[in-house]
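Okay, protein.pdb is below, PDB, C-alpha atoms, pLDDT in the B column:
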```pdb
ATOM      1  CA  MET A  14       9.756  -7.061  -2.849  1.00 90.00           C
ATOM      2  CA  ARG A  15       9.958  -4.473  -5.587  1.00 95.00           C
ATOM      3  CA  LYS A  16       7.361  -3.926  -8.267  1.00 94.00           C
ATOM      4  CA  THR A  17       9.606  -5.477 -10.933  1.00 95.00           C
ATOM      5  CA  GLN A  18      10.100  -8.566  -8.764  1.00 96.00           C
ATOM      6  CA  LEU A  19       6.333  -8.869  -8.353  1.00 95.00           C
ATOM      7  CA  MET A  20       5.884  -8.612 -12.126  1.00 96.00           C
ATOM      8  CA  GLY A  21       8.569 -11.275 -12.645  1.00 96.00           C
ATOM      9  CA  ARG A  22       6.913 -13.693 -10.229  1.00 96.00           C
ATOM     10  CA  LEU A  23       3.513 -13.056 -11.793  1.00 95.00           C
ATOM     11  CA  ALA A  24       4.927 -13.684 -15.285  1.00 95.00           C
ATOM     12  CA  ALA A  25       6.636 -16.884 -14.079  1.00 96.00           C
ATOM     13  CA  GLU A  26       3.477 -18.209 -12.425  1.00 95.00           C
ATOM     14  CA  TYR A  27       1.268 -17.276 -15.390  1.00 95.00           C
ATOM     15  CA  PRO A  28       3.481 -17.690 -18.477  1.00 94.00           C
ATOM     16  CA  HIS A  29       0.663 -16.813 -20.887  1.00 95.00           C
ATOM     17  CA  LEU A  30       0.798 -13.238 -19.536  1.00 92.00           C
ATOM     18  CA  GLY A  31       4.451 -12.613 -20.293  1.00 94.00           C
ATOM     19  CA  MET A  32       6.352  -9.775 -18.684  1.00 95.00           C
ATOM     20  CA  GLU A  33       4.358  -7.067 -20.493  1.00 96.00           C
ATOM     21  CA  GLY A  34       1.023  -8.565 -19.413  1.00 96.00           C
ATOM     22  CA  ALA A  35       2.242  -8.883 -15.822  1.00 96.00           C
ATOM     23  CA  ARG A  36       3.353  -5.244 -15.898  1.00 96.00           C
ATOM     24  CA  ARG A  37      -0.080  -4.155 -17.124  1.00 97.00           C
ATOM     25  CA  VAL A  38      -1.842  -6.195 -14.413  1.00 96.00           C
ATOM     26  CA  VAL A  39       0.310  -4.744 -11.605  1.00 96.00           C
ATOM     27  CA  GLU A  40       0.059  -1.176 -12.979  1.00 97.00           C
ATOM     28  CA  THR A  41      -3.740  -1.483 -13.318  1.00 97.00           C
ATOM     29  CA  ILE A  42      -4.215  -2.742  -9.769  1.00 95.00           C
ATOM     30  CA  LEU A  43      -1.912  -0.138  -8.224  1.00 95.00           C
ATOM     31  CA  GLY A  44      -3.426   2.616 -10.372  1.00 96.00           C
ATOM     32  CA  ASN A  45      -6.940   1.734  -9.224  1.00 96.00           C
ATOM     33  CA  ILE A  46      -5.828   1.719  -5.590  1.00 95.00           C
ATOM     34  CA  GLU A  47      -4.185   5.145  -6.062  1.00 94.00           C
ATOM     35  CA  THR A  48      -7.276   6.568  -7.751  1.00 95.00           C
ATOM     36  CA  ALA A  49      -9.644   5.321  -5.056  1.00 95.00           C
ATOM     37  CA  LEU A  50      -7.420   6.647  -2.239  1.00 94.00           C
ATOM     38  CA  GLY A  51      -7.167   9.978  -4.070  1.00 92.00           C
ATOM     39  CA  GLN A  52     -10.953  10.137  -4.070  1.00 93.00           C
ATOM     40  CA  GLY A  53     -10.965   9.556  -0.311  1.00 92.00           C
ATOM     41  CA  ARG A  54     -12.238   5.975  -0.556  1.00 95.00           C
ATOM     42  CA  ARG A  55     -11.131   3.067   1.599  1.00 95.00           C
ATOM     43  CA  ILE A  56      -9.613  -0.019  -0.070  1.00 96.00           C
ATOM     44  CA  GLU A  57     -10.225  -3.410   1.521  1.00 95.00           C
ATOM     45  CA  LEU A  58      -8.384  -6.455   0.211  1.00 94.00           C
ATOM     46  CA  ARG A  59      -9.899  -9.314   2.210  1.00 92.00           C
ATOM     47  CA  GLY A  60      -7.305 -11.310   4.085  1.00 90.00           C
ATOM     48  CA  PHE A  61      -4.542  -8.863   3.121  1.00 94.00           C
ATOM     49  CA  GLY A  62      -5.488  -5.534   4.677  1.00 95.00           C
ATOM     50  CA  ILE A  63      -7.176  -2.155   4.492  1.00 97.00           C
ATOM     51  CA  PHE A  64      -5.766   1.078   3.048  1.00 96.00           C
ATOM     52  CA  THR A  65      -7.482   4.175   4.434  1.00 96.00           C
ATOM     53  CA  PRO A  66      -6.837   7.805   3.486  1.00 95.00           C
ATOM     54  CA  ARG A  67      -6.346   9.974   6.573  1.00 93.00           C
ATOM     55  CA  VAL A  68      -6.564  13.762   6.554  1.00 90.00           C
ATOM     56  CA  LEU A  69      -4.141  15.497   8.911  1.00 90.00           C
ATOM     57  CA  ALA A  70      -5.393  18.943   9.887  1.00 92.00           C
ATOM     58  CA  GLU A  71      -3.384  22.144   9.647  1.00 93.00           C
ATOM     59  CA  ARG A  72      -1.309  22.510  12.788  1.00 92.00           C
ATOM     60  CA  ALA A  73       1.190  24.716  14.565  1.00 92.00           C
ATOM     61  CA  ALA A  74       4.825  23.669  14.167  1.00 90.00           C
ATOM     62  CA  ARG A  75       8.328  25.064  14.604  1.00 91.00           C
ATOM     63  CA  SER A  76      10.938  25.672  11.964  1.00 88.00           C
ATOM     64  CA  PRO A  77      13.928  23.496  12.913  1.00 89.00           C
ATOM     65  CA  ARG A  78      16.354  25.992  11.406  1.00 89.00           C
ATOM     66  CA  SER A  79      15.158  29.249  12.986  1.00 91.00           C
ATOM     67  CA  GLY A  80      12.943  27.985  15.808  1.00 89.00           C
ATOM     68  CA  GLU A  81      10.132  30.348  14.777  1.00 92.00           C
ATOM     69  CA  ALA A  82       6.505  29.243  14.889  1.00 92.00           C
ATOM     70  CA  VAL A  83       5.044  28.254  11.518  1.00 91.00           C
ATOM     71  CA  THR A  84       1.830  26.651  10.341  1.00 91.00           C
ATOM     72  CA  ALA A  85       2.126  23.196   8.793  1.00 90.00           C
ATOM     73  CA  PRO A  86      -0.483  22.803   6.050  1.00 92.00           C
ATOM     74  CA  ALA A  87      -3.164  20.122   6.060  1.00 91.00           C
ATOM     75  CA  THR A  88      -2.038  16.924   4.359  1.00 91.00           C
ATOM     76  CA  THR A  89      -3.444  13.532   3.513  1.00 91.00           C
ATOM     77  CA  SER A  90      -1.630  10.320   4.298  1.00 92.00           C
ATOM     78  CA  THR A  91      -2.537   6.666   3.964  1.00 94.00           C
ATOM     79  CA  THR A  92      -2.776   4.180   6.785  1.00 95.00           C
ATOM     80  CA  PHE A  93      -2.608   0.416   6.356  1.00 95.00           C
ATOM     81  CA  ARG A  94      -4.054  -2.174   8.690  1.00 95.00           C
ATOM     82  CA  ALA A  95      -3.028  -5.765   8.035  1.00 94.00           C
ATOM     83  CA  GLY A  96      -5.830  -8.304   7.608  1.00 93.00           C
ATOM     84  CA  LYS A  97      -6.342 -11.346   9.778  1.00 92.00           C
ATOM     85  CA  ARG A  98      -4.881 -13.867   7.301  1.00 93.00           C
ATOM     86  CA  LEU A  99      -1.796 -11.703   6.684  1.00 92.00           C
ATOM     87  CA  ASN A 100      -1.190 -11.332  10.432  1.00 91.00           C
ATOM     88  CA  GLU A 101      -1.623 -15.079  10.964  1.00 91.00           C
ATOM     89  CA  ARG A 102       0.820 -15.861   8.173  1.00 90.00           C
ATOM     90  CA  LEU A 103       3.385 -13.349   9.462  1.00 89.00           C
ATOM     91  CA  ASN A 104       3.118 -14.679  13.004  1.00 90.00           C
ATOM     92  CA  ARG A 105       3.377 -18.292  11.811  1.00 86.00           C
ATOM     93  CA  SER A 106       6.567 -17.502   9.872  1.00 72.00           C
ATOM     94  CA  VAL A 107       8.094 -15.705  12.873  1.00 70.00           C
ATOM     95  CA  THR A 108       7.457 -18.616  15.252  1.00 68.00           C
ATOM     96  CA  SER A 109       8.803 -21.211  12.786  1.00 63.00           C
ATOM     97  CA  ASP A 110      12.211 -19.468  12.398  1.00 56.00           C
TER      98      ASP A 110
END
```
Take the structure in the file and give it back as structure tokens.
Amino acid sequence: MRKTQLMGRLAAEYPHLGMEGARRVVETILGNIETALGQGRRIELRGFGIFTPRVLAERAARSPRSGEAVTAPATTSTTFRAGKRLNERLNRSVTSD
């Protein structure tokens, strides 16, 4: 599902919001998640899952073009672990197909 589809479904389910209100709700939620992850904080949405920032240390690598040794800089990525309810729902939908 794309962000615009999510906004459309939210606007359809809550008509008093309208499309603009739904856009603001989705943007606010995603913005707060981004901000918290950027600050190194963990986000837990009960039943849905946990977003955790993960720092990957600087490491030795090889340039695929020249084959010479280079140093890959430290980076931060995000990991996601699905919550219990989400896993149960996914597994229920897989077995019912």
Quiz prompt | Evaluate the PyMOL selection byres ((chain A and resi 39-56) around 10) and report residues as a PyMOL selection string | solution = chain A and resi 16-17+19-20+23+34-38+57-59+62-68+89-93
Exercise. Fewer than 5 positions away in the same chain doesn't count, so skip those; otherwise give me all residues within 7 Å of range 69-75 of chain A, counting all atoms listed in the file, as JSON, numbers by chain.
Key: {"A": [80, 81, 82, 83, 84, 85, 86, 87, 88, 89]}
Selected residues, C-alpha atoms, written as a PDB file, keeping the file's coordinate frame, please.
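Everything below was put into selection11.pdb:
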```pdb
ATOM      1  CA  GLY A  80      12.943  27.985  15.808  1.00 89.00           C
ATOM      2  CA  GLU A  81      10.132  30.348  14.777  1.00 92.00           C
ATOM      3  CA  ALA A  82       6.505  29.243  14.889  1.00 92.00           C
ATOM      4  CA  VAL A  83       5.044  28.254  11.518  1.00 91.00           C
ATOM      5  CA  THR A  84       1.830  26.651  10.341  1.00 91.00           C
ATOM      6  CA  ALA A  85       2.126  23.196   8.793  1.00 90.00           C
ATOM      7  CA  PRO A  86      -0.483  22.803   6.050  1.00 92.00           C
ATOM      8  CA  ALA A  87      -3.164  20.122   6.060  1.00 91.00           C
ATOM      9  CA  THR A  88      -2.038  16.924   4.359  1.00 91.00           C
ATOM     10  CA  THR A  89      -3.444  13.532   3.513  1.00 91.00           C
TER      11      THR A  89
END
```
Quiz item: Could you work out how far CA of Glu33 in chain A lies from CA of Arg15 in chain A, giving the answer in Å with one decimal?
Solution: 16.1 Å
Could you add all heavy atoms to range 87-98 of chain A and give me the result as a short mmCIF file (atom, residue, chain, number, x, y, z; two decimals), in the coordinates of the input?
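Ended up saving to part32.cif:
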```cif
data_model
loop_
_atom_site.label_atom_id
_atom_site.label_comp_id
_atom_site.auth_asym_id
_atom_site.auth_seq_id
_atom_site.Cartn_x
_atom_site.Cartn_y
_atom_site.Cartn_z
N ALA A 87 -2.43 21.38 5.99
CA ALA A 87 -3.16 20.12 6.06
C ALA A 87 -2.63 19.19 4.98
O ALA A 87 -2.28 19.62 3.89
CB ALA A 87 -4.65 20.37 5.86
N THR A 88 -2.51 17.92 5.31
CA THR A 88 -2.04 16.92 4.36
C THR A 88 -2.89 15.67 4.46
O THR A 88 -3.63 15.49 5.43
CB THR A 88 -0.56 16.54 4.61
OG1 THR A 88 -0.46 16.02 5.93
CG2 THR A 88 0.37 17.70 4.45
N THR A 89 -2.76 14.82 3.48
CA THR A 89 -3.44 13.53 3.51
C THR A 89 -2.39 12.45 3.47
O THR A 89 -1.46 12.51 2.68
CB THR A 89 -4.38 13.38 2.30
OG1 THR A 89 -5.32 14.45 2.31
CG2 THR A 89 -5.15 12.07 2.36
N SER A 90 -2.54 11.46 4.32
CA SER A 90 -1.63 10.32 4.30
C SER A 90 -2.47 9.05 4.21
O SER A 90 -3.70 9.10 4.28
CB SER A 90 -0.74 10.29 5.54
OG SER A 90 -1.48 9.91 6.66
N THR A 91 -1.83 7.94 4.07
CA THR A 91 -2.54 6.67 3.96
C THR A 91 -2.12 5.78 5.12
O THR A 91 -0.93 5.67 5.43
CB THR A 91 -2.19 5.97 2.64
OG1 THR A 91 -2.52 6.84 1.57
CG2 THR A 91 -2.96 4.68 2.48
N THR A 92 -3.09 5.15 5.74
CA THR A 92 -2.78 4.18 6.78
C THR A 92 -3.08 2.79 6.24
O THR A 92 -3.91 2.62 5.35
CB THR A 92 -3.60 4.42 8.06
OG1 THR A 92 -4.98 4.33 7.75
CG2 THR A 92 -3.31 5.77 8.66
N PHE A 93 -2.39 1.80 6.76
CA PHE A 93 -2.61 0.42 6.36
C PHE A 93 -2.79 -0.42 7.60
O PHE A 93 -2.03 -0.30 8.56
CB PHE A 93 -1.42 -0.12 5.56
CG PHE A 93 -1.54 -1.58 5.22
CD1 PHE A 93 -2.41 -2.01 4.23
CD2 PHE A 93 -0.81 -2.53 5.92
CE1 PHE A 93 -2.54 -3.36 3.93
CE2 PHE A 93 -0.93 -3.87 5.63
CZ PHE A 93 -1.80 -4.29 4.63
N ARG A 94 -3.82 -1.25 7.58
CA ARG A 94 -4.05 -2.17 8.69
C ARG A 94 -4.06 -3.58 8.11
O ARG A 94 -4.86 -3.88 7.22
CB ARG A 94 -5.39 -1.88 9.36
CG ARG A 94 -5.65 -2.80 10.53
CD ARG A 94 -6.83 -2.32 11.35
NE ARG A 94 -7.06 -3.25 12.42
CZ ARG A 94 -8.10 -4.06 12.50
NH1 ARG A 94 -9.04 -4.02 11.58
NH2 ARG A 94 -8.22 -4.89 13.50
N ALA A 95 -3.15 -4.41 8.57
CA ALA A 95 -3.03 -5.76 8.04
C ALA A 95 -4.28 -6.57 8.36
O ALA A 95 -4.86 -6.44 9.43
CB ALA A 95 -1.80 -6.45 8.61
N GLY A 96 -4.68 -7.43 7.42
CA GLY A 96 -5.83 -8.30 7.61
C GLY A 96 -5.49 -9.50 8.48
O GLY A 96 -4.31 -9.80 8.75
N LYS A 97 -6.50 -10.22 8.87
CA LYS A 97 -6.34 -11.35 9.78
C LYS A 97 -5.44 -12.43 9.18
O LYS A 97 -4.52 -12.91 9.83
CB LYS A 97 -7.72 -11.94 10.11
CG LYS A 97 -7.68 -13.08 11.09
CD LYS A 97 -9.08 -13.57 11.38
CE LYS A 97 -9.02 -14.76 12.32
NZ LYS A 97 -10.36 -15.28 12.61
N ARG A 98 -5.69 -12.81 7.92
CA ARG A 98 -4.88 -13.87 7.30
C ARG A 98 -3.41 -13.45 7.17
O ARG A 98 -2.51 -14.26 7.38
CB ARG A 98 -5.43 -14.23 5.92
CG ARG A 98 -6.47 -15.28 5.98
CD ARG A 98 -6.78 -15.97 4.66
NE ARG A 98 -6.22 -15.38 3.48
CZ ARG A 98 -6.92 -15.07 2.39
NH1 ARG A 98 -8.22 -15.29 2.35
NH2 ARG A 98 -6.33 -14.57 1.33
#
```
